[in-house]
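Everything below concerns the one structure shown next.
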Amino acid sequence: MASTTKFEPKNGLVRWVDSRLPILSLMHGTLVAYPVPRNFNWWYTFGSLAGLMLVVQIATGIVLAMHYTPNTELAFASIESIMRDVNYGWLLRYIHANGASMFFMVVYIHIFRGLYYGSYKEPREMVWIIGLIIYVLMMATGFMGYVLPWGQMSFWGATVITNLFSAIPLVGDSIVTWLWGGFSVDNPTLQRFFALHYLLPFIIAAFVGMHIWALHIQGSNNPLGIEPKGPQDTVPFHPYYTAKDAVGVAIFIIFFSVFIFFMPNALGHPDNYIPADPLVTPAHIVPEWYYLPFYAILRAMTADFLGVPAKLWGVIAMFGAIFVLFLMPWLDRSKVRSARFRPVYKQFFWLLLVVVLGLGWCGAKSPDDVLVDFGVDSGLIAEQVESHIETRVQREQFAAMDHDDLDAVKTFAGRVGVTPEQFDGWVENPSYHHTFQAVDLSQILAFYYFFHFLVLVPLLGFLEKPLPLPTSISEAVLAKKKTA
Amino acid sequence: MAAQDSEATHDSASRRDFLFVASGAFAAVGGAMAVWPFIDQMNPAADVLALASIEVNIGDIPVGQSIKVKWRGKPVFIRHRTPEEIREAETAPMSALKDPQADADRVEKPEWLVVVGICTHLGCVPLNYEGDYNGWFCPCHGSVYDTSGRIRRGPAPANLVVPPYTFENDTTVKIG
């Protein structure tokens, strides 16, 4: 079975063009002849799906821009006009809005696939790094796109996220003013966000080109994590993986369509259908789901530490959470790529996935949401009672009491003017309880996130004893076939 | 697998050929259907179509004068013709017309001429009461129209277009 076919066009015109500009042989080499390990599983389809989503987002985005008006007075109405008046505007907008979620979902799976099979390791570091740059650009693009409808979530999301930069010492406030083009998020902000939201996808497309270029220099990794040894280990991209990816695309489009046609607003926030009001913040503001793990890490930093304020720590931790991914090729010292042959790393990989999902869950909660209530904190109740004491004698008397004896404390409280109803109110109020809140869980999970990358991964490279690797891809594939 | 491959190469139409053509056709039809919304979104939207008719008060236009109103983003000339202009329009010989059409077919009431003020050559707005026929003259490329808005000389191929309109009453005309 030939792994590659040379590009030898029979058509004279094609030969004429290609000898002057080898664009056709380049495409042939990239999409047809590219030798791919023959043992890809379904997780390897998500790269193609991510490429598809970029095309879908650019195509729908360009037509939406034909109807959208980037002006604070007109933006919201122009979105409503797209939804009600423009032919198929509702469809195009729902594809674009849900498409952002689909794009992120596909890319997250793509990234975790890379983490599982060690695709970031030598010699594919550049593929990994360019991929992460694409991811960061996607986050910036998604954020600015969310601002464009100019609803309440748009406005306050823009306000909160741009304010992150105010945590930077000395120049933070100047940077924020520069980002806004004013003293609050306003028309200049909206206009520049629109221009950049239109620009960035094309920058992403350029990076996707480099991502594929770098990938094809070294060749794709595979579920076994061993290099192909010869043509018997690979198949040409077309028709083998074009056909396989086409099946993936068909299934994915069905999944995508369920959102577009049956639950188009399930992943959004109703508050964004209220026009932006700079004078009223919505009660509960959360970013889109795909930012939630990082949002939880941002809010997990609640204490000043080493002379650095909590606000700056939050920003550092949030950006750091992305930055550690860039270091992955050097943090992981293991010679074995695939987690299939790394029994310990494999378990920590799944634990990391649970932790990231947990962070996402925390990010959607209000930080003071009570997860576990351990009951009344008598110390806090005692503080309340103490604040009502007026004489020194009573104060000494109260200090000598056992504050855990709530009945006695209640009786005493009655003497200093606290009504029984007031006292019972304190006892029932969760803010006077020992509790485990969403922010506490975020702190544990955020700590573990960094612990995984900065401690566990480097240590495992030395301590873990990997399983024996198969000698070649074809041998492993054929052995599997025999047992099946 | 190997057996099926060789079978496929020998049979004239194999099961695999059928699946290949069927899925290819399905993808082609699906792709074409997916493209349609991207094309149709450029057609006039519902709010644009909703603005497609206007009502104009013509009670204040004296005989021998005309007004220009905007309908669907284009100028519409409403001309209160004098008896002399009506006579010129009605008596023009058909043989002299480039795009022959009787004046009676172009007006609801002889004293009112309603035409879209867009030269049928390349879309400029002709000047009123200019040109040899006392109608319109297009400054872009020299087309000359008569008092019925018919092309008499110059590069334009057709008469000025008569939009659909009705008289709501003696002083109100509804265009569109």
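Residue names in the structure tokens use chain letters A, B, ... in the order shown, residue numbers from 1 in each chain, and ligand numbers from 1 in the order shown.
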Tell me, counting only C-alpha atoms, for each residue of segment 71-179 of chain A within 9 Å of segment 347-352 of chain A, which pair of atoms is nearest and how far apart they are in Å to one decimal, in rows ordered by chain and increasing number, as a tab-separated table.
residue	atom	partner	partner_atom	distance
A:Phe112	CA	A:Phe349	CA	8.8
A:Leu115	CA	A:Phe349	CA	7.9
A:Tyr116	CA	A:Phe349	CA	6.9
Got a sec: who's within 9 Å of Ser166 of chain A, counting only C-alpha atoms, leaving out chain neighbours fewer than 5 positions off, as a short mmCIF file (atom, residue, chain, number, x, y, z; two decimals) with N, CA and C atoms, in the first residue's frame?
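Once everything was written out, this is result-v9.cif:
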data_model
loop_
_atom_site.label_atom_id
_atom_site.label_comp_id
_atom_site.auth_asym_id
_atom_site.auth_seq_id
_atom_site.Cartn_x
_atom_site.Cartn_y
_atom_site.Cartn_z
N VAL A 171 1.02 51.29 35.51
CA VAL A 171 0.43 51.70 34.24
C VAL A 171 -0.96 51.12 34.00
N GLY A 172 -1.46 50.32 34.95
CA GLY A 172 -2.73 49.61 34.75
C GLY A 172 -3.87 50.53 34.32
N ASP A 173 -4.05 51.62 35.07
CA ASP A 173 -5.19 52.50 34.77
C ASP A 173 -5.04 53.16 33.40
N SER A 174 -3.81 53.53 33.07
CA SER A 174 -3.61 54.14 31.75
C SER A 174 -3.92 53.14 30.64
N ILE A 175 -3.55 51.87 30.87
CA ILE A 175 -3.82 50.85 29.86
C ILE A 175 -5.32 50.68 29.67
N VAL A 176 -6.05 50.66 30.78
CA VAL A 176 -7.49 50.46 30.68
C VAL A 176 -8.13 51.63 29.93
N LEU A 312 -4.13 41.58 41.76
CA LEU A 312 -3.06 41.27 40.81
C LEU A 312 -2.77 39.78 40.78
#
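Distance annotation: of A:Gly29, A:Gly307, A:Gly151, A:Gly51, the residue with the minimal separation from Phe76 of chain A is A:Gly151; atom set is only C-alpha atoms.
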Filtered DSSP result for chain B, state strand (DSSP E), as a PyMOL selection string: chain B and resi 54-57+66-71+74-80+112-116+127-128+136-137+144-145+151-153+165-169+172-175
Proximal residues of chain B relative to chain A (only C-alpha atoms; 7 Å) as number ranges by chain: B: 37, 40-41, 45-47
Selection near Gly219 of chain A, 12 Å with only C-alpha atoms, sequence-local residues under 2 positions removed, as a PyMOL selection string: chain A and resi 30+34-37+119+122-124+127+211-217+221-222+225-229+234+236-237
Filtered DSSP result for segment 56-213 of chain A, state helix (DSSP H, G or I), as a ChimeraX atom specification: /A:56-65,75-84,89-117,125-147,152-167,172-180,187-213
Residue contacts of segment 71-77 of chain B (6 Å, only C-alpha atoms) excluding same-chain residues fewer than 5 positions away, as a PyMOL selection string: chain B and resi 52+114-117
Asp402 of chain A surroundings by only C-alpha atoms, 10 Å radius, close-in-sequence under 4 positions cut, as a ChimeraX atom specification: /A:378,382,398,406,408-409
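Shortest separation to Arg106 of chain B among B:Ile118, B:Val35, B:Val161, B:Ala156 occurs at residue B:Val161, atoms counted being only C-alpha atoms.
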Neighbour list for segment 138-143 of chain B as a ChimeraX atom specification, cut-off 10 Å, only C-alpha atoms, skip fewer than 2 positions in-chain: /B:118-128,130-131,136,145,151-157
Would you save the residues of that selection, restricted to C-alpha atoms, as a PDB file, in the first residue's frame?
ATOM      1  CA  ILE B 118     -33.691  57.145 -12.943  1.00  0.00           C
ATOM      2  CA  CYS B 119     -32.246  57.294 -16.447  1.00  0.00           C
ATOM      3  CA  THR B 120     -32.647  53.865 -18.024  1.00  0.00           C
ATOM      4  CA  HIS B 121     -29.137  54.131 -19.423  1.00  0.00           C
ATOM      5  CA  LEU B 122     -26.897  53.848 -16.336  1.00  0.00           C
ATOM      6  CA  GLY B 123     -28.923  55.136 -13.422  1.00  0.00           C
ATOM      7  CA  CYS B 124     -28.297  58.906 -13.172  1.00  0.00           C
ATOM      8  CA  VAL B 125     -31.085  61.329 -12.213  1.00  0.00           C
ATOM      9  CA  PRO B 126     -32.174  63.384 -15.301  1.00  0.00           C
ATOM     10  CA  LEU B 127     -32.721  67.167 -15.039  1.00  0.00           C
ATOM     11  CA  ASN B 128     -36.293  68.433 -15.125  1.00  0.00           C
ATOM     12  CA  GLU B 130     -34.424  70.407 -19.860  1.00  0.00           C
ATOM     13  CA  GLY B 131     -33.785  69.068 -23.340  1.00  0.00           C
ATOM     14  CA  TRP B 136     -35.936  65.616 -19.012  1.00  0.00           C
ATOM     15  CA  TYR B 145     -36.954  62.355 -22.496  1.00  0.00           C
ATOM     16  CA  ILE B 151     -36.796  58.295 -24.424  1.00  0.00           C
ATOM     17  CA  ARG B 152     -36.462  60.444 -27.568  1.00  0.00           C
ATOM     18  CA  ARG B 153     -32.729  60.729 -28.143  1.00  0.00           C
ATOM     19  CA  GLY B 154     -29.452  59.494 -26.646  1.00  0.00           C
ATOM     20  CA  PRO B 155     -28.056  56.195 -25.392  1.00  0.00           C
ATOM     21  CA  ALA B 156     -30.864  55.173 -22.986  1.00  0.00           C
ATOM     22  CA  PRO B 157     -32.693  52.091 -24.288  1.00  0.00           C
TER      23      PRO B 157
END
Can you list, as a compact mmCIF listing (two decimals) with all heavy atoms, in the first residue's frame, every protein, DNA or RNA residue that comes within 9 Å of Arg333 of chain A when you count only C-alpha atoms, leaving out same-chain residues fewer than 5 positions away?
# COMPACT_ATOMS: atom_id res chain seq x y z
N VAL A 457 3.68 16.70 36.92
CA VAL A 457 4.15 16.34 35.58
C VAL A 457 5.68 16.20 35.54
O VAL A 457 6.19 15.19 35.05
CB VAL A 457 3.61 17.34 34.54
CG1 VAL A 457 4.39 17.26 33.24
CG2 VAL A 457 2.14 17.11 34.30
N PRO A 458 6.46 17.18 36.08
CA PRO A 458 7.92 17.00 36.06
C PRO A 458 8.37 15.77 36.87
O PRO A 458 9.24 15.02 36.42
CB PRO A 458 8.45 18.28 36.69
CG PRO A 458 7.36 19.28 36.54
CD PRO A 458 6.09 18.49 36.60
N LEU A 459 7.72 15.54 38.02
CA LEU A 459 8.14 14.42 38.87
C LEU A 459 7.86 13.08 38.18
O LEU A 459 8.70 12.19 38.20
CB LEU A 459 7.40 14.46 40.20
CG LEU A 459 8.01 15.35 41.29
CD1 LEU A 459 7.21 15.19 42.58
CD2 LEU A 459 9.48 14.97 41.52
N LEU A 460 6.68 12.98 37.57
CA LEU A 460 6.31 11.71 36.94
C LEU A 460 7.30 11.31 35.85
O LEU A 460 7.55 10.13 35.64
CB LEU A 460 4.90 11.80 36.35
CG LEU A 460 3.76 11.73 37.35
CD1 LEU A 460 2.43 11.87 36.65
CD2 LEU A 460 3.82 10.41 38.10
N GLY A 461 7.86 12.33 35.18
CA GLY A 461 8.84 12.04 34.13
C GLY A 461 9.99 11.21 34.66
O GLY A 461 10.57 10.40 33.94
N PHE A 462 10.33 11.42 35.94
CA PHE A 462 11.45 10.68 36.53
C PHE A 462 10.99 9.43 37.27
O PHE A 462 11.65 8.40 37.24
CB PHE A 462 12.22 11.58 37.50
CG PHE A 462 12.90 12.72 36.81
CD1 PHE A 462 12.42 14.02 36.95
CD2 PHE A 462 14.02 12.51 36.00
CE1 PHE A 462 13.03 15.08 36.30
CE2 PHE A 462 14.64 13.56 35.36
CZ PHE A 462 14.15 14.84 35.50
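One finds atom CA of Val354 of chain A at 12.0 Å from atom CA of Ala446 of chain A.
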Straight-line distance linking atom CA of Asp424 of chain A with atom CA of Lys410 of chain A, stated in Å to one decimal: 8.7 Å
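Distance annotation: of A:Ala276, A:Leu137, A:Glu421, A:Gln443, the residue with the minimal separation from Pro367 of chain A is A:Gln443; atom set is only C-alpha atoms.
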